[in-house]
Amino acid sequence: MNAFLHLEERQSRIGMFLSEIAAPNLMRLYRSCGLDFVIIDCEHGYFSHAQVAALAAVANGVGLTAIVRVPCISREHIQKVFDLGADGILVPMTGTAEQIAQAVEYAKYYPLGKRGASTMRPHSEYNPGKLAEYMEKANGRTMVFAQIETDEGVRNARDIAAVPGVSGLFVGPNDLSIDYGRPGESSTPEMEHAYRAVVEAGKAVGKPTGIITGNMPLIRHCEALGMQLFSCNSEVGLLAKQIKSMIADFRAES
């Protein structure tokens, strides 16, 4: 199992999204500030494969776990990001166990999946050794996270979490609130039920759960419920927040 997933009770991992800025040394900054992981957004973001490779390379070098949110479940996207050196993938809009099982199949080598083997690549440090031994090692390293952001996903959360090869679940509150017909409202009874259902699903099979949001009160609430993985804001979100704060400070002193 990837060391990232070795979590004691009440222990957490803190990360951030990378939405747009493809500067590899941001990975050094993230790590030096104390973050545990980054989610590189290739669903809404416009990173090229070359940019993802550079970001993953620096993240690997500084010990920052690099997770890529893929745009869809396809062999092309999933196999490619792992070959580039990513530690894990995040699968958006996961609604069923069958969907995430397909992602696992593309992410894992035999006997857990059907990932194609091309080992003289960054993911093996260009030194794979014996193929069978490397495949077993790689299967233990690569992580597959399901993003729960629909009512269907909430209803199937336990089955999704129970799929062999699934590493954990993340709640995507924005799209989930939209699916419930209350865009942007994170405290409705339906949302509260969803948070609790996802946490219980993870606990039932011994896998961590988390949330992706810049809403700190919501993060604290989900931590109290038992979530352990927190993607807190993004580089763009924090830049915007700090710029607005700077302008407010300037105006206040004028």
# chains A, B, ... in the order shown; residues from 1 in each chain; ligands from 1

$ residues_around --residues "Ala54 of chain A" --least-positions-apart "5" --cutoff "9 Å" --atoms "only C-alpha atoms" --output "list in words"
Ala22, Ala23, Pro24, His49, Ala59 and Leu84 of chain A

$ select_by_dssp --residues "segment 14-130 of chain A" --states "alpha helix (DSSP H)" --output "PyMOL selection string"
chain A and resi 26-32+49-62+75-83+97-107

$ atom_distance --atom1 "atom CA of Pro208 of chain A" --atom2 "atom CA of Pro189 of chain A"
22.8 Å

$ closest_residue --among "A:Ser231, A:Asn215, A:Thr150, A:Ser118" --to "Ala194 of chain A" --atoms "only C-alpha atoms"
A:Thr150

$ residues_around --residues "Cys222 of chain A" --least-positions-apart "4" --cutoff "8 Å" --atoms "only C-alpha atoms" --output "ChimeraX atom specification"
/A:195,210-211,218,226-227

$ select_by_dssp --residues "segment 86-150 of chain A" --states "strand (DSSP E)" --output "ChimeraX atom specification"
/A:88-91,143-148
